[in-house]
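Novice: The following file, entry_6.txt, comprises compact mmCIF, C-alpha atoms:
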```txt
# COMPACT_ATOMS: atom_id res chain seq x y z
CA MET E 1 44.93 1.45 11.11
CA ALA E 2 41.91 3.73 11.31
CA TYR E 3 38.65 2.17 12.50
CA ILE E 4 35.06 3.13 13.28
CA SER E 5 33.96 2.60 16.85
CA SER E 6 30.59 4.30 17.08
CA GLY E 7 27.84 6.30 15.45
CA VAL E 8 25.73 9.24 16.51
CA ALA E 9 22.42 10.34 15.03
CA CYS E 10 21.42 13.86 15.90
CA SER E 11 18.98 16.52 14.71
CA HIS E 12 20.59 19.82 13.73
CA VAL E 13 17.81 22.31 14.47
CA PRO E 14 19.35 25.81 14.22
CA ALA E 15 17.42 27.01 17.30
CA LEU E 16 19.50 24.61 19.42
CA GLY E 17 22.65 26.43 18.32
CA VAL E 18 21.03 29.75 19.14
CA ALA E 19 19.99 28.43 22.58
CA SER E 20 23.55 27.31 23.30
CA ASP E 21 25.11 30.54 22.03
CA LYS E 22 22.68 32.68 24.07
CA GLY E 23 23.08 30.57 27.21
CA ILE E 24 19.40 29.65 27.53
CA THR E 25 19.87 25.88 27.51
CA GLY E 26 18.32 25.55 30.97
CA ASP E 27 15.03 27.32 30.34
CA ASP E 28 11.64 25.62 30.23
CA TYR E 29 11.66 25.33 26.47
CA TYR E 30 15.21 24.13 25.78
CA GLY E 31 16.03 22.60 29.17
CA PRO E 32 14.47 19.18 28.47
CA ILE E 33 16.34 18.92 25.16
CA PHE E 34 19.78 19.73 26.54
CA LYS E 35 19.08 17.41 29.49
CA GLY E 36 18.51 14.64 26.96
CA PHE E 37 22.07 15.20 25.72
CA GLU E 38 23.75 15.18 29.15
CA TYR E 39 24.34 11.45 28.81
CA SER E 40 25.75 12.08 25.34
CA ARG E 41 28.36 14.60 26.41
CA ALA E 42 29.53 12.30 29.21
CA TRP E 43 29.60 9.38 26.77
CA MET E 44 31.60 11.46 24.31
CA GLU E 45 34.17 12.39 26.97
CA ALA E 46 34.73 8.71 27.69
CA GLU E 47 34.62 7.68 24.03
CA LYS E 48 37.25 10.26 22.98
CA PRO E 49 37.22 9.71 19.22
CA ASP E 50 40.31 10.87 17.33
CA LEU E 51 38.12 12.10 14.51
CA VAL E 52 34.47 12.69 13.64
CA PHE E 53 33.14 11.87 10.18
CA LEU E 54 30.08 14.12 10.00
CA VAL E 55 27.25 13.69 7.50
CA TYR E 56 25.05 16.77 7.22
CA ASN E 57 23.34 19.00 4.75
CA ASP E 58 24.22 22.52 3.82
CA HIS E 59 21.29 24.99 3.85
CA CYS E 60 22.14 27.12 0.81
CA THR E 61 25.23 28.40 2.59
CA ALA E 62 28.31 26.84 0.98
CA PHE E 63 26.12 25.89 -1.97
CA ASP E 64 23.40 28.14 -3.28
CA ALA E 65 21.30 27.19 -6.30
CA ARG E 66 24.27 27.59 -8.67
CA ILE E 67 25.92 24.35 -7.62
CA ILE E 68 24.13 21.41 -6.03
CA PRO E 69 26.36 18.37 -5.50
CA THR E 70 24.53 15.31 -4.23
CA PHE E 71 27.53 14.20 -2.15
CA ALA E 72 30.35 16.68 -1.39
CA LEU E 73 33.32 15.57 0.73
CA GLY E 74 35.26 18.16 2.72
CA CYS E 75 38.98 17.88 1.96
CA ALA E 76 40.16 21.13 3.58
CA SER E 77 42.41 21.68 6.57
CA GLU E 78 39.74 23.82 8.21
CA TYR E 79 36.10 24.80 7.81
CA PRO E 80 35.03 28.23 9.08
CA PRO E 81 31.52 28.60 10.57
CA ALA E 82 29.45 30.49 7.98
CA ASP E 83 27.41 33.67 8.26
CA GLU E 84 23.88 32.41 7.61
CA GLY E 85 22.39 35.87 7.70
CA TRP E 86 22.82 36.86 11.33
CA GLY E 87 26.62 36.55 11.71
CA PRO E 88 28.67 33.36 12.10
CA ARG E 89 27.97 31.27 15.21
CA PRO E 90 30.53 31.99 17.96
CA VAL E 91 31.93 28.46 17.85
CA PRO E 92 35.46 27.28 17.11
CA VAL E 93 36.70 26.82 13.56
CA VAL E 94 36.30 23.17 12.58
CA LYS E 95 39.66 21.56 11.87
CA GLY E 96 39.86 19.02 9.10
CA HIS E 97 42.15 16.09 8.31
CA ARG E 98 43.50 16.48 4.80
CA GLY E 99 45.22 13.10 4.72
CA LEU E 100 42.15 11.08 5.62
CA SER E 101 39.88 13.22 3.42
CA ALA E 102 42.12 12.72 0.39
CA HIS E 103 42.25 9.00 1.04
CA ILE E 104 38.47 8.73 1.39
CA ALA E 105 37.88 10.83 -1.74
CA GLN E 106 40.07 8.56 -3.81
CA SER E 107 38.72 5.37 -2.30
CA LEU E 108 35.08 6.40 -2.86
CA VAL E 109 35.49 7.25 -6.53
CA LEU E 110 37.29 3.96 -7.16
CA ASP E 111 34.40 2.32 -5.32
CA ALA E 112 31.95 3.89 -7.82
CA PHE E 113 30.79 6.80 -5.61
CA ASP E 114 31.55 9.84 -7.74
CA ILE E 115 31.64 12.44 -5.00
CA THR E 116 32.48 16.13 -5.26
CA ILE E 117 35.70 17.28 -3.60
CA MET E 118 35.55 20.48 -1.52
CA ASN E 119 38.99 21.99 -0.85
CA GLU E 120 37.37 25.05 0.68
CA MET E 121 34.04 25.06 2.45
CA GLU E 122 32.24 27.12 5.06
CA VAL E 123 29.98 25.08 7.32
CA ASP E 124 26.56 26.05 8.64
CA HIS E 125 24.34 24.97 11.52
CA GLY E 126 23.84 21.57 9.88
CA LEU E 127 27.37 20.72 11.01
CA THR E 128 27.98 22.98 13.99
CA VAL E 129 24.76 22.24 15.93
CA PRO E 130 25.48 18.49 16.33
CA MET E 131 29.03 19.41 17.41
CA THR E 132 27.57 21.69 20.08
CA MET E 133 25.08 19.06 21.24
CA MET E 134 27.79 16.38 21.59
CA PHE E 135 30.80 18.45 22.73
CA GLY E 136 29.27 21.46 24.50
CA GLN E 137 31.09 24.77 24.34
CA PRO E 138 34.86 24.12 24.27
CA ASP E 139 37.40 26.78 23.19
CA ALA E 140 38.50 24.38 20.45
CA TRP E 141 36.74 21.26 19.17
CA PRO E 142 38.48 18.25 20.72
CA CYS E 143 39.10 16.46 17.41
CA PRO E 144 39.22 17.07 13.67
CA VAL E 145 36.18 16.54 11.47
CA VAL E 146 35.76 15.19 7.95
CA PRO E 147 32.46 16.59 6.66
CA LEU E 148 30.22 15.08 4.02
CA ALA E 149 27.51 17.40 2.70
CA VAL E 150 24.47 15.71 1.18
CA ASN E 151 21.89 17.46 -0.98
CA VAL E 152 18.50 17.12 0.68
CA VAL E 153 17.22 20.60 -0.27
CA GLN E 154 16.38 20.07 -3.92
CA TYR E 155 14.30 16.94 -4.53
CA PRO E 156 15.29 14.20 -4.98
CA ALA E 157 17.72 13.60 -2.15
CA PRO E 158 19.81 10.46 -2.71
CA LEU E 159 17.92 7.25 -1.94
CA GLY E 160 18.17 5.79 1.55
CA SER E 161 19.61 2.62 0.06
CA ARG E 162 22.28 4.65 -1.76
CA CYS E 163 23.17 6.48 1.45
CA TYR E 164 23.45 3.15 3.25
CA ALA E 165 25.75 1.79 0.54
CA LEU E 166 27.83 4.97 0.66
CA GLY E 167 28.23 4.45 4.41
CA LYS E 168 29.65 1.00 3.73
CA ALA E 169 32.09 2.46 1.19
CA ILE E 170 33.15 5.15 3.66
CA ARG E 171 33.86 2.45 6.21
CA LYS E 172 35.98 0.56 3.71
CA ALA E 173 37.90 3.77 2.98
CA ILE E 174 38.45 4.62 6.64
CA GLU E 175 39.54 1.08 7.51
CA SER E 176 42.19 1.16 4.79
CA TYR E 177 43.83 4.33 6.13
CA PRO E 178 47.15 3.55 7.81
CA GLU E 179 47.06 6.09 10.67
CA ASP E 180 45.69 4.84 14.00
CA LEU E 181 42.46 6.79 14.30
CA LYS E 182 39.33 6.00 16.29
CA VAL E 183 36.47 7.42 14.27
CA CYS E 184 32.93 8.31 15.33
CA VAL E 185 30.44 8.81 12.48
CA PHE E 186 27.62 11.36 12.82
CA GLY E 187 24.43 11.24 10.79
CA THR E 188 22.48 14.45 11.29
CA GLY E 189 19.15 16.09 10.49
CA GLY E 190 15.52 15.19 11.09
CA MET E 191 13.40 13.98 12.57
CA SER E 192 9.89 14.53 11.22
CA HIS E 193 9.35 18.16 10.31
CA GLN E 194 7.89 20.35 7.63
CA LEU E 195 8.98 23.97 7.45
CA GLN E 196 6.94 25.11 4.49
CA HIS E 197 3.48 26.02 3.23
CA GLN E 198 0.18 25.21 4.94
CA ARG E 199 1.18 21.82 6.35
CA ALA E 200 4.16 23.33 8.22
CA GLY E 201 4.52 22.02 11.75
CA LEU E 202 3.87 18.39 10.87
CA ILE E 203 5.26 15.96 13.45
CA ASN E 204 4.86 12.18 13.29
CA SER E 205 6.25 10.68 16.49
CA GLU E 206 5.04 7.16 15.80
CA TRP E 207 6.77 7.14 12.45
CA ASP E 208 9.94 8.59 13.99
CA ALA E 209 10.04 5.80 16.58
CA ARG E 210 9.61 3.15 13.91
CA PHE E 211 12.31 4.84 11.81
CA MET E 212 14.78 4.63 14.71
CA ASP E 213 13.89 0.99 15.43
CA LEU E 214 14.48 0.01 11.81
CA LEU E 215 17.68 2.03 11.56
CA VAL E 216 19.15 0.30 14.60
CA ASN E 217 17.87 -3.25 14.15
CA ASP E 218 16.98 -3.77 10.51
CA PRO E 219 18.78 -1.23 8.35
CA ASP E 220 18.59 -3.44 5.26
CA GLN E 221 14.83 -2.99 5.37
CA GLY E 222 14.82 0.56 6.70
CA CYS E 223 17.07 1.88 3.96
CA GLN E 224 14.37 0.87 1.47
CA ILE E 225 11.93 3.49 2.78
CA GLU E 226 10.82 5.37 -0.31
CA HIS E 227 10.98 9.12 -0.80
CA ILE E 228 7.21 9.41 -1.01
CA GLU E 229 6.92 7.89 2.45
CA TYR E 230 9.40 10.39 3.92
CA LEU E 231 7.57 13.29 2.26
CA ARG E 232 4.09 12.20 3.30
CA GLU E 233 4.78 10.75 6.75
CA ALA E 234 7.80 12.73 8.00
CA GLY E 235 7.18 16.04 6.19
CA SER E 236 8.89 17.69 3.26
CA GLU E 237 12.03 18.42 5.29
CA GLY E 238 11.93 15.09 7.16
CA ILE E 239 13.46 13.52 4.06
CA GLU E 240 16.87 14.63 5.37
CA LEU E 241 16.70 11.51 7.56
CA VAL E 242 18.25 9.60 4.65
CA MET E 243 21.55 10.99 5.98
CA TRP E 244 21.24 8.81 9.08
CA TYR E 245 21.65 5.85 6.74
CA VAL E 246 25.14 6.97 5.69
CA MET E 247 26.12 6.76 9.36
CA ARG E 248 24.36 3.41 9.80
CA GLY E 249 26.08 1.95 6.74
CA ALA E 250 29.46 2.79 8.23
CA LEU E 251 28.72 0.69 11.35
CA ASN E 252 28.58 -3.05 11.95
CA GLU E 253 25.46 -4.99 11.08
CA ASN E 254 24.96 -5.47 14.82
CA VAL E 255 25.18 -2.42 17.02
CA GLU E 256 24.40 -1.68 20.61
CA GLU E 257 21.99 1.19 21.21
CA LYS E 258 23.60 3.05 24.10
CA HIS E 259 21.24 6.00 24.17
CA ARG E 260 18.03 7.18 22.59
CA PHE E 261 16.40 10.57 23.05
CA TYR E 262 13.33 12.05 21.42
CA HIS E 263 11.62 15.35 22.08
CA VAL E 264 8.97 17.57 20.48
CA PRO E 265 9.45 20.39 19.68
CA ALA E 266 12.56 22.39 18.95
CA SER E 267 11.17 25.27 16.91
CA ASN E 268 9.37 23.40 14.08
CA THR E 269 11.02 20.03 14.49
CA ALA E 270 11.06 16.74 16.35
CA VAL E 271 14.51 16.22 17.89
CA GLY E 272 15.85 12.69 17.61
CA HIS E 273 19.15 11.34 18.86
CA LEU E 274 20.86 7.95 19.03
CA ILE E 275 24.25 6.69 20.15
CA LEU E 276 25.26 3.37 18.63
CA GLU E 277 28.36 1.35 19.36
CA ASN E 278 29.77 -1.34 17.13
CA ARG E 279 29.27 -4.76 18.65
CA MET M 1 -0.09 19.10 -19.50
CA ALA M 2 2.05 18.73 -16.40
CA GLU M 3 3.24 15.29 -15.44
CA GLN M 4 1.49 13.70 -12.45
CA LYS M 5 3.86 13.29 -9.54
CA PRO M 6 3.48 10.87 -6.64
CA TYR M 7 3.62 13.73 -4.13
CA ASP M 8 0.97 15.89 -5.83
CA ASP M 9 -1.66 14.54 -3.45
CA ILE M 10 0.12 15.67 -0.25
CA PRO M 11 -1.82 18.64 1.14
CA GLY M 12 -0.28 22.03 1.91
CA THR M 13 3.11 21.02 0.54
CA ILE M 14 5.19 22.22 -2.40
CA VAL M 15 7.96 19.73 -3.11
CA PHE M 16 11.01 21.64 -4.34
CA ASP M 17 11.77 19.34 -7.24
CA SER M 18 13.69 19.98 -10.46
CA ASP M 19 10.71 21.70 -12.12
CA GLN M 20 10.21 24.05 -9.18
CA ALA M 21 13.96 24.65 -8.96
CA ALA M 22 14.12 25.58 -12.65
CA LYS M 23 11.17 27.97 -12.25
CA GLY M 24 12.56 29.53 -9.11
CA TYR M 25 16.26 29.86 -9.88
CA HIS M 26 16.50 33.66 -10.08
CA LEU M 27 14.00 34.14 -7.27
CA ASN M 28 16.02 31.86 -5.01
CA GLN M 29 19.30 33.52 -5.94
CA PHE M 30 17.76 36.88 -5.06
CA CYS M 31 16.64 35.54 -1.67
CA ILE M 32 19.95 33.92 -0.82
CA SER M 33 21.85 37.09 -1.73
CA LEU M 34 20.29 38.59 1.40
CA ARG M 35 22.45 36.30 3.52
CA LEU M 36 25.12 39.00 3.22
CA GLN M 37 24.90 42.34 5.01
CA VAL M 38 26.22 44.30 2.02
CA ASN M 39 23.33 43.02 -0.08
CA ARG M 40 20.77 43.60 2.67
CA ASP M 41 21.95 47.21 2.78
CA ALA M 42 21.66 47.56 -1.00
CA PHE M 43 18.16 46.03 -0.98
CA LYS M 44 17.10 48.35 1.82
CA ALA M 45 18.41 51.42 0.01
CA ASP M 46 16.60 50.61 -3.24
CA PRO M 47 14.31 47.55 -3.10
CA GLU M 48 13.05 47.74 -6.68
CA GLY M 49 16.44 48.60 -8.15
CA TYR M 50 18.04 45.73 -6.22
CA ILE M 51 15.44 43.13 -7.11
CA ASP M 52 15.57 44.09 -10.78
CA GLN M 53 19.10 42.72 -10.96
CA TYR M 54 17.49 39.28 -10.80
CA ALA M 55 15.74 37.96 -13.90
CA MET M 56 12.61 36.77 -12.14
CA THR M 57 9.05 36.85 -13.48
CA ALA M 58 6.67 39.71 -12.71
CA ASP M 59 4.68 37.38 -10.43
CA GLN M 60 7.78 36.33 -8.49
CA ARG M 61 8.90 39.95 -8.19
CA GLU M 62 5.52 41.00 -6.87
CA ALA M 63 5.30 38.09 -4.42
CA ALA M 64 8.80 38.88 -3.12
CA LEU M 65 8.10 42.58 -2.65
CA ASN M 66 4.72 41.84 -1.01
CA GLN M 67 6.06 39.05 1.24
CA GLU M 68 3.55 36.48 -0.02
CA TRP M 69 5.26 33.49 1.52
CA ASN M 70 3.13 30.62 0.20
CA ARG M 71 2.92 32.14 -3.27
CA LEU M 72 6.71 32.41 -3.37
CA LEU M 73 6.92 28.64 -2.81
CA GLU M 74 4.30 27.97 -5.46
CA LEU M 75 6.30 30.10 -7.92
CA GLY M 76 9.49 28.08 -7.42
CA GLY M 77 10.87 29.43 -4.18
CA ASN M 78 12.41 27.08 -1.65
CA ILE M 79 11.92 27.59 2.08
CA TYR M 80 15.65 27.70 2.88
CA TYR M 81 15.92 30.58 0.40
CA THR M 82 12.69 32.43 1.15
CA SER M 83 13.55 32.25 4.85
CA LYS M 84 16.48 34.60 4.11
CA LEU M 85 14.02 37.16 2.76
CA ALA M 86 11.92 36.59 5.86
CA ALA M 87 14.98 37.06 8.08
CA TYR M 88 15.64 40.35 6.28
CA HIS M 89 12.20 41.44 7.47
CA GLY M 90 12.95 40.24 11.01
CA ILE M 91 10.78 37.12 10.72
CA ASN M 92 12.32 33.93 12.13
CA PHE M 93 11.63 30.39 10.95
CA GLN M 94 8.90 29.69 13.44
CA GLU M 95 7.17 33.01 12.80
CA LEU M 96 7.38 32.32 9.07
CA ALA M 97 5.73 28.94 9.58
CA GLY M 98 3.02 30.67 11.58
CA LEU M 99 2.38 32.97 8.61
CA MET M 100 2.41 30.19 6.00
CA THR M 101 -0.04 28.05 7.94
CA GLY M 102 -2.36 31.02 8.48
CA LYS M 103 -2.32 30.37 12.23
CA GLY M 104 -0.13 33.28 13.28
CA SER M 105 2.90 33.02 15.55
CA THR M 106 1.24 32.49 18.89
CA ALA M 107 -1.18 29.77 17.84
CA TYR M 108 1.51 28.06 15.74
CA ARG M 109 3.98 28.01 18.61
CA ALA M 110 1.28 26.62 20.90
CA MET M 111 0.52 23.88 18.37
CA MET M 112 4.20 22.91 18.28
CA VAL M 113 4.54 22.87 22.08
CA ALA M 114 1.46 20.62 22.19
CA GLY M 115 3.21 18.09 19.92
CA GLY M 116 2.93 19.62 16.47
CA ARG M 117 0.49 19.11 13.63
CA SER M 118 -0.79 15.54 13.74
CA ILE M 119 -0.21 13.31 10.75
CA GLU M 120 -3.81 12.13 11.08
CA GLY M 121 -5.95 13.90 8.51
CA ASN M 122 -2.88 15.48 6.91
CA ARG M 123 -1.59 12.80 4.55
CA TYR M 124 -3.79 13.37 1.49
CA LYS M 125 -5.38 16.37 -0.18
CA SER M 126 -8.69 14.49 -0.11
CA GLU M 127 -8.60 14.73 3.70
CA TRP M 128 -8.48 18.54 3.49
CA GLN M 129 -11.49 18.99 1.24
CA ASP M 130 -13.92 19.51 4.11
CA ASP M 131 -11.88 22.39 5.51
```
Show this structure as structure tokens.

Specialist:
Amino acid sequence: MAYISSGVACSHVPALGVASDKGITGDDYYGPIFKGFEYSRAWMEAEKPDLVFLVYNDHCTAFDARIIPTFALGCASEYPPADEGWGPRPVPVVKGHRGLSAHIAQSLVLDAFDITIMNEMEVDHGLTVPMTMMFGQPDAWPCPVVPLAVNVVQYPAPLGSRCYALGKAIRKAIESYPEDLKVCVFGTGGMSHQLQHQRAGLINSEWDARFMDLLVNDPDQGCQIEHIEYLREAGSEGIELVMWYVMRGALNENVEEKHRFYHVPASNTAVGHLILENR
Amino acid sequence: MAEQKPYDDIPGTIVFDSDQAAKGYHLNQFCISLRLQVNRDAFKADPEGYIDQYAMTADQREAALNQEWNRLLELGGNIYYTSKLAAYHGINFQELAGLMTGKGSTAYRAMMVAGGRSIEGNRYKSEWQDD
């Protein structure tokens, strides 16, 4: 049977993808960030998941303003990296797993999560940057990915508590799939950042630390953080942190925090990263 | 009279909610069209002719042509969309933030390297009134 062994939280700042693609991951600006992920790449090589379930948000790439699904599940056999305006990133095509996707799609709807099914989808930096941070620069990604795109661009994003419950439903779906698959769940985005208007550049490190503590140790409380708190304390784009709760919901109540990394800044954003193992 | 929203008192922030999204639909679709090279070429060849394909208001049209980044957000633009217009003009995300904050690129980048804009004094509009 399929099972979930671990979870990864990871910011998906586009500049990190650019740094990797341009080979400037060792410079003074990016060096400390990529150093913070050295442990993670070694951990990932030992962990060797058979599949990654990756929660991210699309940045008006696969979805522009015409169609805005709150939760969209990738059900394709592959997901090409998208051209976001400066050419597609030179990273491998992301392979999917149609069987597991179809199973999860069906299981979620019957579990009262009425998700959107994506049989074709291009993926942007929201998905490919965490892959780069965790797997480096391979010729092909070492395992297939099932992507879940969450709307966090147009307010309101889904509630943290809803994301947490969805994570639990995803776990139930994965654990009822007959193939033997070791699954690692990624929750991406964040941490505190605001990209727009006069308050752009907002960073709230104290809040970010408390957010990570709650996520790891008391997710039942943490998932209750209200939207107004995200907007005010973590910035208008910091609200994408609700996606970390999908990942957390898919894990055990008790997890072991194997790794935590936090750095300011990458471009406009605080970079946060966790590796959690089911206990 | 517009409904009061819980986030109205956050300073220097335009929350892209359903009202803003409804106002900004055509503006945002114009901006996102510039993701594709073929459209960037068409816009470059005839900016006014290209933009007139989108049913935006006169204010939005003017703000887009004049690169008034904060005004675009106030008129219903969303940053992930307006950043494509910025990219068309060779302005990256961090440079755009420098423009929107009024700090300029160099001072903005320095602020970020020094840890970013502090949350202290930046939670409520009332805290900005002395500025």

Novice: Select all residues from chain E having any atom no more than 10 Å from an atom of chain M (counting only C-alpha atoms, ignoring ligands), output as a VMD selection string.

Specialist: chain E and resid 14 to 15 29 59 to 61 64 to 66 83 to 87 153 to 157 193 to 207 227 to 229 231 to 237 263 to 270

Novice: Print the selection's residues with C-alpha atoms to a file, as a JSON list (two decimals), keeping the file's coordinate frame.

Specialist:
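The result, written out as part.json:
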```json
[["chain", "number", "residue", "atom", "x", "y", "z"],
["E", 14, "PRO", "CA", 19.35, 25.81, 14.22],
["E", 15, "ALA", "CA", 17.42, 27.01, 17.30],
["E", 29, "TYR", "CA", 11.66, 25.33, 26.47],
["E", 59, "HIS", "CA", 21.29, 24.99, 3.85],
["E", 60, "CYS", "CA", 22.14, 27.12, 0.81],
["E", 61, "THR", "CA", 25.23, 28.40, 2.59],
["E", 64, "ASP", "CA", 23.40, 28.14, -3.28],
["E", 65, "ALA", "CA", 21.30, 27.19, -6.30],
["E", 66, "ARG", "CA", 24.27, 27.59, -8.67],
["E", 83, "ASP", "CA", 27.41, 33.67, 8.26],
["E", 84, "GLU", "CA", 23.88, 32.41, 7.61],
["E", 85, "GLY", "CA", 22.39, 35.87, 7.70],
["E", 86, "TRP", "CA", 22.82, 36.86, 11.33],
["E", 87, "GLY", "CA", 26.62, 36.55, 11.71],
["E", 153, "VAL", "CA", 17.22, 20.60, -0.27],
["E", 154, "GLN", "CA", 16.38, 20.07, -3.92],
["E", 155, "TYR", "CA", 14.30, 16.94, -4.53],
["E", 156, "PRO", "CA", 15.29, 14.20, -4.98],
["E", 157, "ALA", "CA", 17.72, 13.60, -2.15],
["E", 193, "HIS", "CA", 9.35, 18.16, 10.31],
["E", 194, "GLN", "CA", 7.89, 20.35, 7.63],
["E", 195, "LEU", "CA", 8.98, 23.97, 7.45],
["E", 196, "GLN", "CA", 6.94, 25.11, 4.49],
["E", 197, "HIS", "CA", 3.48, 26.02, 3.23],
["E", 198, "GLN", "CA", 0.18, 25.21, 4.94],
["E", 199, "ARG", "CA", 1.18, 21.82, 6.35],
["E", 200, "ALA", "CA", 4.16, 23.33, 8.22],
["E", 201, "GLY", "CA", 4.52, 22.02, 11.75],
["E", 202, "LEU", "CA", 3.87, 18.39, 10.87],
["E", 203, "ILE", "CA", 5.26, 15.96, 13.45],
["E", 204, "ASN", "CA", 4.86, 12.18, 13.29],
["E", 205, "SER", "CA", 6.25, 10.68, 16.49],
["E", 206, "GLU", "CA", 5.04, 7.16, 15.80],
["E", 207, "TRP", "CA", 6.77, 7.14, 12.45],
["E", 227, "HIS", "CA", 10.98, 9.12, -0.80],
["E", 228, "ILE", "CA", 7.21, 9.41, -1.01],
["E", 229, "GLU", "CA", 6.92, 7.89, 2.45],
["E", 231, "LEU", "CA", 7.57, 13.29, 2.26],
["E", 232, "ARG", "CA", 4.09, 12.20, 3.30],
["E", 233, "GLU", "CA", 4.78, 10.75, 6.75],
["E", 234, "ALA", "CA", 7.80, 12.73, 8.00],
["E", 235, "GLY", "CA", 7.18, 16.04, 6.19],
["E", 236, "SER", "CA", 8.89, 17.69, 3.26],
["E", 237, "GLU", "CA", 12.03, 18.42, 5.29],
["E", 263, "HIS", "CA", 11.62, 15.35, 22.08],
["E", 264, "VAL", "CA", 8.97, 17.57, 20.48],
["E", 265, "PRO", "CA", 9.45, 20.39, 19.68],
["E", 266, "ALA", "CA", 12.56, 22.39, 18.95],
["E", 267, "SER", "CA", 11.17, 25.27, 16.91],
["E", 268, "ASN", "CA", 9.37, 23.40, 14.08],
["E", 269, "THR", "CA", 11.02, 20.03, 14.49],
["E", 270, "ALA", "CA", 11.06, 16.74, 16.35]]
```

Novice: Around the point (30.1, 6.4, -4.1) in the file's coordinates, collect all residues with an atom within 10 Å, using only C-alpha atoms, and return them as an NGL selection string.

Specialist: :E and (71 or 105 or 107-115 or 162-163 or 165-170)

Novice: Could you pull the residues within 10 Å of E:Gly99, counting only C-alpha atoms, minus those fewer than 3 positions along the same chain, as a list in words?

Specialist: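 Listed by chain and then number, they are Cys75, Ala76, Ser77, Gly96, Ala102, His103, Ile104, Tyr177 and Glu179 of chain E.
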
Novice: Which residues are close to stretch 139-143 of chain E, i.e. within 6 Å by only C-alpha atoms, leaving aside same-chain residues fewer than 5 positions away? Reply as a tab-separated table (two decimals) with C-alpha atoms, in the frame of the given file.

Specialist:
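Just written: out_32.tsv:
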```
chain	number	residue	atom	x	y	z
E	50	ASP	CA	40.31	10.87	17.33
E	51	LEU	CA	38.12	12.10	14.51
E	92	PRO	CA	35.46	27.28	17.11
```

Novice: Taking the point (26.8, 26.2, 24.4) as given in the file, collect each protein or nucleic acid residue that comes within 12 Å of it, counting only C-alpha atoms, and present the set as a ChimeraX atom specification.

Specialist: /E:15-26,30,34,41,89-92,128-139

Novice: Would you pick out the contacts of M:Lys23 at 9 Å or less, using all atoms listed in the file, so that residues sharing its chain but fewer than 5 positions from it are not included, and give the list as a ChimeraX atom specification?

Specialist: /M:18,56,75-77

Novice: Kindly output stretch 143-156 of chain E as a tab-separated table (two decimals), in the frame of the given file, after building N, CA and C atoms.

Specialist:
```
chain	number	residue	atom	x	y	z
E	143	CYS	N	38.51	17.30	18.45
E	143	CYS	CA	39.10	16.46	17.41
E	143	CYS	C	38.76	17.02	16.03
E	144	PRO	N	39.53	16.62	15.02
E	144	PRO	CA	39.22	17.07	13.67
E	144	PRO	C	37.96	16.40	13.13
E	145	VAL	N	37.43	17.00	12.07
E	145	VAL	CA	36.18	16.54	11.47
E	145	VAL	C	36.39	16.39	9.96
E	146	VAL	N	35.88	15.31	9.41
E	146	VAL	CA	35.76	15.19	7.95
E	146	VAL	C	34.27	15.30	7.63
E	147	PRO	N	33.87	16.39	6.96
E	147	PRO	CA	32.46	16.59	6.66
E	147	PRO	C	32.03	16.02	5.31
E	148	LEU	N	30.83	15.50	5.28
E	148	LEU	CA	30.22	15.08	4.02
E	148	LEU	C	28.87	15.80	3.91
E	149	ALA	N	28.77	16.66	2.90
E	149	ALA	CA	27.51	17.40	2.70
E	149	ALA	C	26.66	16.65	1.68
E	150	VAL	N	25.40	16.46	2.03
E	150	VAL	CA	24.47	15.71	1.18
E	150	VAL	C	23.34	16.65	0.73
E	151	ASN	N	23.01	16.64	-0.54
E	151	ASN	CA	21.89	17.46	-0.98
E	151	ASN	C	20.57	16.84	-0.54
E	152	VAL	N	19.87	17.54	0.34
E	152	VAL	CA	18.50	17.12	0.68
E	152	VAL	C	17.54	18.30	0.49
E	153	VAL	N	18.04	19.39	-0.09
E	153	VAL	CA	17.22	20.60	-0.27
E	153	VAL	C	16.42	20.51	-1.56
E	154	GLN	N	17.10	20.22	-2.66
E	154	GLN	CA	16.38	20.07	-3.92
E	154	GLN	C	16.05	18.60	-4.13
E	155	TYR	N	14.75	18.31	-4.29
E	155	TYR	CA	14.30	16.94	-4.53
E	155	TYR	C	14.79	16.46	-5.88
E	156	PRO	N	15.22	15.21	-6.02
E	156	PRO	CA	15.29	14.20	-4.98
E	156	PRO	C	16.63	14.17	-4.24
```
